[in-house]
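Engineer: Below you will find the structure I want to go over with you.
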Amino acid sequence: TLFRSLEENWVYKVVAVKNFQKFSMPCRYFSARVLAAHKQAAILLCRSSAAASNRTTGLSHASSLAASQRCMCSSSDASESTKDLGSLELLSTLAQLEDRGMVTFVSSNAQITMPSESLQFTPQANIHELEWVFHDADRFISRHIGPSTVEQIRMLSNIGVSSVDDLINLVIPEHIRTSHALQIGDGCSEQEALDELKAIASLNSTCRSMIGMGYHGTSTPSVVKRGILDDPSWYTPYTPYQAEISQGRLEMLLNFQTMVSELTALPVANASLLDEGTAAAEAMTMSKARLSTAAKKAKNVFFVDEDTHVSTVSVLRTRASLQGIEVVVVQDVEALSQKQLDNAAGVLISYPTSTGGGRSWQKFCEKAHSADCLVAVACDPLALCMLEAPGNWGADIAFGSSQRFGVPMMNGGPHAAFFAARHGLERLMPGRIVGVSTDSDGKISYRLALQTRENHIKRDKATSNICTAQALLANIAAAYALHHGPQGLKSIALRVNGFAKALFEASKELGIRTRHGIPNFDTITLELGTAVSADRLMSSALSRGFNLRRVSPDAVGISIDETTTVEDLRRVITCMEEVSGKCISSLEGTLKSVIPGAPSHLERKSQPLTSEIFHIMNSENQLTRYLEALSRKDISLVNSMMPLGSCTMKLNAAAEMAPVTWPEFTNTHPFAPVDQAAGFHKIISDVSRWLGDITGFKHVSLQPNSGATGEYAGLIAIQQYHASNGAGNRNVCLIPRSAHGTNPASATMAGMIVKVVDSDQDGNIDVEKFRDMADKYQDSLACAMITYPSTHGVFEETMKELADIVHAKGGMVYMDGANMNAQVGLARPEEYGVDICHLNLHKTFCIPHGGGGPGVGPIACVDALAPFLPDNPILPILQKPSGVSVASAPYGSAGILPITWMYLRMMGTKGLTEASKVAILSANYMASRLEGHFKILYKGQSGYVGHEFIIDARPFKSAGITETDIAKRLMDFGFHAPTMSWPVTGTLMIEPTESEDLAELDKYVEALIQIRKEIAAVESGLLPKDDNPLVNSPHTQVVCSQEHWNHPYTRAQAAFPLPWVRDRKFWPSVGRVDNAAGDRNLRCTCPPLSVYENAE
């Protein structure tokens, strides 16, 4: 009680006695380091507020001050233990020796002793020279790290360790710990970081980009920006695996799927992919995956229309080279012969094309289908509001980017790709699919459908390695469609087309030929005849603040978007007039004469977006309330801690998020001239350098736009390295059985053969089995893929030994960096034998999860692998092109890198290191408190866990209780479940992170202990196995307020199992969702509103 009172209510004056200098600031944010000669120092603590004079000790302000001025700190010259301490470090808050133990403040005249009793506070000590290092009260570190100094003391006491440093020494093996001090620099306040970043942002140009190529200007509706993008209840939730507390996001993702399905006229759509290039690669893989084994060998070609975005083709070529698929780019797809199609798994066409072309593809689809060749279509969602839907003319797959539906360009991302397919291809679709089901009371509910396709279950046999997608951006795109409605979207599309036609008419009047004639949608390509003319047009446009696209030496492309104004048209036409030497008669007259719309043979016959949901948001009030109602159905970090093991659900600070929507960052086109993105390149340089320092590697690529993509890119680098050394036969990847499902899926996608290594009885990689497998495959061993610390939550002692084994056999070591939050500032992968690793900026480095994306998964590597890092064919990154692209944009999701920049800049070296320590402390505190109630499955050799730990629910099966029941029951306490049934089936993995304070940690522990008591009641027979609070959970408000209650436990026990639950009650909006029913009756689009009415 005394400690809590001191921390929350007192303000200390710290007096350096030698100079009688006084400093005042809140103790929670104040820290002073005292370095004293001859181990002698003084720190004087007193209340500075008369208002607090009657608190705790009852001393008056004056007597407290007088007493404190007599209180001096000294050490015994005879104490050997004191000599071992080195320089004395004191925290001002409680005169605590920082990270060396605890002190107890009893009264002003009492002794204050260390547990070792080696140091004492006694009256009248001699004062020697003092050196003070002060930290500003507004430093970010204490805002990010949850447990205060006093709380950390309590946690250490519970664990039975005297200091945080002692705990770290027990948890991380000595040969793994680094002696390197990070070179990030000092941390700073939020405002200092924001001011510094604003100056960097100002380096970006504000030119208007009319480049196209899949990236367009767009206007994010203010109601959507405020209601989703700026709202932590939307951007901080986890992937909606726990359906009952994710109904809001699931409903909005279903809206997204419905939007995509209706625009493309294809019945099944997923809940987003990473970007358009990735979606194209998935379509290619899917085209071949559907074939029989024999047909796969015979149909090994994938044809691509020449007029497809260059970045898309580059991503396709990278994927195809690893999958044994031959990508053939053809000038005229329609000219393909029947024989050529007989040898093809699929064909990709663009609709409209990259340079603005378009045609009817119905007859070609019939021809392709007769050869059992799938047709995949890259399409523009806004164009589909006026062009005939691909599904209506025979396409099998349609994909594209939803970026222009309200999501800014952001220098390339993040943007939600969409993906839809015909019936029969559902179980081969990549990514997540939201489906409709019912709950335990028969109410309509939503869930992730067909999860058996996903890599966390099928591993190397999964349809894709997709884990993180772009859920947040998909939600924004869906909300954009709700905001505008079908008529609003069509009006935008027609306006865009009308402006493009006006440009065409102007070019015709000026005598400039266009490549495709009258534009089908938004883009025209001007054929200027000479490179000199093209240069003049590009230069003239740039001088007026416009970026155009250089299609070829003598051709320039211009793309219109919803933000284009009449004045923009006028200025661009002026540039065209300068080049042609002529003038148009009247822009106004031209605009009046054009008739927007598709040509009759391409005009959309069916109405887009016919579902009721797109017709009822007629006012901002309605949409605002709808978004708010959806957000209240979900648990996010706004509600409570979310300790998902291996997912690192830490604080996403408001200061980190604020710059994401700055116009200096949102309006940059990824293929704009490099000098227009100087601010972005400064951020990219800083983040790359800082991540390199953290990992120990010199080379970093920020292109991968998810952790799984980082894995994929890293494994490609390993493959290409071996091939460059004449060892292309090296294709075996050793992966522990405990690895995340993306690991084997990524290895398979990179063309490797996965060999699984078992764990020993302690959960560690079995070294002897690992050695045997390395010996067995020594001639073909490409790499080992190891998560460190392990997914079991342990820093394995043998990591260096494992690396040595792989290197001795000519292989490389890949580290999955999902658990890097336990290492920053404490260990560096390069120092313990890792050759390449990926990091998760959406875990360790504070980019929010967004309910399933976005994410960034950069890779860092040794010199030997650097030439094989990802590159871009349009805006090269490497000095010598690698030919590898894993994302459409050069720097992937560059638009959210400011989040990580802010985190690293504000935390600095000390804060980052402290965060890792406290993450480990919090995990061990929770494990210590839960031990005795639950079995802690794995620990390190010292008996402690790392930054996460696993509790075993398998012993409760005899009582009819599973890990699922525990997960659902936690919802009644207002908590999201830990990671469930992974990496060990029947268990729960808990990762509290450093951002949760002690009170929140305690509440989660108390909830689990209470659940254990309920399990005990079932085990003892006090509660029946088939009717108890666990198997009936979660309990909705409707259920708890029904007139009749026929359960052997009370309504209060169901809804308010602990007293504090009442004050923060979260009511799940549905009961337990029926997963099997949802898969048996797959429905992936919005039901009509009558279904909900009938259900109620």
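Simple scheme: letters A, B, ... for chains in structure tokens order, numbers from 1 for residues in each chain, numbers from 1 for ligands in the order shown.
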Can you pull out every residue within 7 Å of Ala818 of chain A, counting only C-alpha atoms, but drop anything in the same chain fewer than 5 positions away, and send it as a PDB file with all heavy atoms, in the first residue's frame?
Structural biologist:
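Written file, around25.pdb:
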```pdb
ATOM      1  N   SER A 646       3.454 -15.682 -29.283  1.00  0.00           N
ATOM      2  CA  SER A 646       4.126 -15.543 -30.569  1.00  0.00           C
ATOM      3  C   SER A 646       3.489 -14.478 -31.446  1.00  0.00           C
ATOM      4  O   SER A 646       3.803 -14.384 -32.628  1.00  0.00           O
ATOM      5  CB  SER A 646       4.168 -16.878 -31.324  1.00  0.00           C
ATOM      6  OG  SER A 646       5.187 -16.869 -32.307  1.00  0.00           O
ATOM      7  N   LEU A 839      11.959 -10.182 -39.459  1.00  0.00           N
ATOM      8  CA  LEU A 839      11.394  -9.556 -38.281  1.00  0.00           C
ATOM      9  C   LEU A 839       9.930  -9.254 -38.552  1.00  0.00           C
ATOM     10  O   LEU A 839       9.507  -9.193 -39.704  1.00  0.00           O
ATOM     11  CB  LEU A 839      12.140  -8.255 -37.945  1.00  0.00           C
ATOM     12  CG  LEU A 839      13.654  -8.374 -37.780  1.00  0.00           C
ATOM     13  CD1 LEU A 839      14.289  -6.999 -37.682  1.00  0.00           C
ATOM     14  CD2 LEU A 839      14.002  -9.203 -36.557  1.00  0.00           C
ATOM     15  N   ASN A 840       9.166  -9.071 -37.513  1.00  0.00           N
ATOM     16  CA  ASN A 840       7.762  -8.698 -37.666  1.00  0.00           C
ATOM     17  C   ASN A 840       7.571  -7.302 -37.093  1.00  0.00           C
ATOM     18  O   ASN A 840       7.488  -7.144 -35.875  1.00  0.00           O
ATOM     19  CB  ASN A 840       6.844  -9.697 -36.950  1.00  0.00           C
ATOM     20  CG  ASN A 840       6.872 -11.063 -37.604  1.00  0.00           C
ATOM     21  OD1 ASN A 840       7.749 -11.877 -37.329  1.00  0.00           O
ATOM     22  ND2 ASN A 840       5.926 -11.314 -38.475  1.00  0.00           N
TER      23      ASN A 840
END
```
Engineer: Give the helix (DSSP H, G or I) residues of segment 109-331 of chain A, as DSSP finds them on the backbone, and put them as JSON, numbers by chain.
Structural biologist: {"A": [141, 142, 143, 144, 149, 150, 151, 152, 153, 154, 155, 156, 157, 158, 159, 164, 165, 166, 167, 168, 169, 170, 171, 190, 191, 192, 193, 194, 195, 196, 197, 198, 199, 200, 201, 222, 223, 224, 225, 226, 227, 228, 229, 232, 233, 234, 235, 243, 244, 245, 247, 248, 249, 250, 251, 252, 253, 254, 255, 256, 257, 258, 259, 260, 261, 262, 263, 264, 276, 277, 278, 279, 280, 281, 282, 283, 284, 285, 286, 287, 288, 289, 293, 294, 295, 296, 297, 298, 310, 311, 312, 313, 314, 315, 316, 317, 318, 319, 320, 321, 322, 323]}
Engineer: May I ask which of the residues A:Phe956, A:Tyr903, A:Tyr814, A:Phe795 is the closest one to Ile168 of chain A, counting only C-alpha atoms?
Structural biologist: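 Smallest separation from Ile168 of chain A among the options: A:Phe795.
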Engineer: Excluding Pro1024 of chain A and any residue of its chain fewer than 3 positions from it, enumerate the residues within 12 Å of it, using only C-alpha atoms, and give them as a list in words.
Structural biologist: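 Final neighbour list, sorted by chain and number: Ala959, Gly960, Ile961, Glu1014, Ile1015, Ala1016, Ala1017, Val1018, Glu1019, Ser1020, Gly1021, Asp1027, Asn1028, Pro1029, Leu1030, Val1031, Asn1032, His1047, Pro1048 and Tyr1049 of chain A.
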Engineer: So that I can see what lies close to Phe1056 of chain A, please list as a ChimeraX atom specification the residues with an atom at most 12 Å from it, counting only C-alpha atoms and leaving out residues fewer than 2 positions away in the same chain.
Structural biologist: /A:969-974,1007,1010,1029,1034-1037,1040,1049-1054,1058-1067
Engineer: Ala389 of chain A: which residues within 9 Å, counting only C-alpha atoms, same-chain residues fewer than 2 positions away excluded, as a list of chain:residue names?
Structural biologist: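 The contact residues come out as A:Glu262, A:Leu263, A:Thr264, A:Ala265, A:Leu266, A:Leu384, A:Cys385, A:Met386, A:Leu387, A:Gly391, A:Asn392, A:Trp393, A:Ala395, A:Arg604, A:Lys605, A:Ser606, A:Pro608.
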Engineer: Which polymer residues have any atom within 9 Å of an atom of Val171 of chain A, counting only C-alpha atoms, with same-chain residues fewer than 4 positions away left out, as JSON, numbers by chain?
Structural biologist: {"A": [166, 167, 794, 795, 920, 940, 941, 942, 943, 944, 945, 946]}
Engineer: Counting only C-alpha atoms, what is within 9 Å of Val660 of chain A, bar same-chain residues fewer than 2 positions away, as a PyMOL selection string?
Structural biologist: chain A and resi 410+656-658+662-663+665-666+895-899
Engineer: Determine which residues of segment 666-891 of chain A DSSP labels as strand (DSSP E) from the backbone of this structure, then write them out as number ranges by chain.
Structural biologist: A: 699-701, 732-736, 753-757, 781-787, 812-817, 836-839, 859-861
Engineer: A:Asn705, A:Ser219, A:Thr574, A:Asn731: which is nearest Leu274 of chain A, counting only C-alpha atoms?
Structural biologist: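 Using only C-alpha atoms, Leu274 of chain A sits closest to A:Asn705.
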Engineer: Grab the atom CA of Gly488 of chain A to atom CA of Leu602 of chain A distance for me, in Å with one decimal place.
Structural biologist: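 Between atom CA of Gly488 of chain A and atom CA of Leu602 of chain A the gap works out to 20.4 Å.
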Engineer: Go ahead and compute the interatomic distance for atom CA of Leu322 of chain A and atom CA of Gly696 of chain A, in Å to one decimal.
Structural biologist: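 Computing the Euclidean distance for atom CA of Leu322 of chain A and atom CA of Gly696 of chain A yields 28.9 Å.
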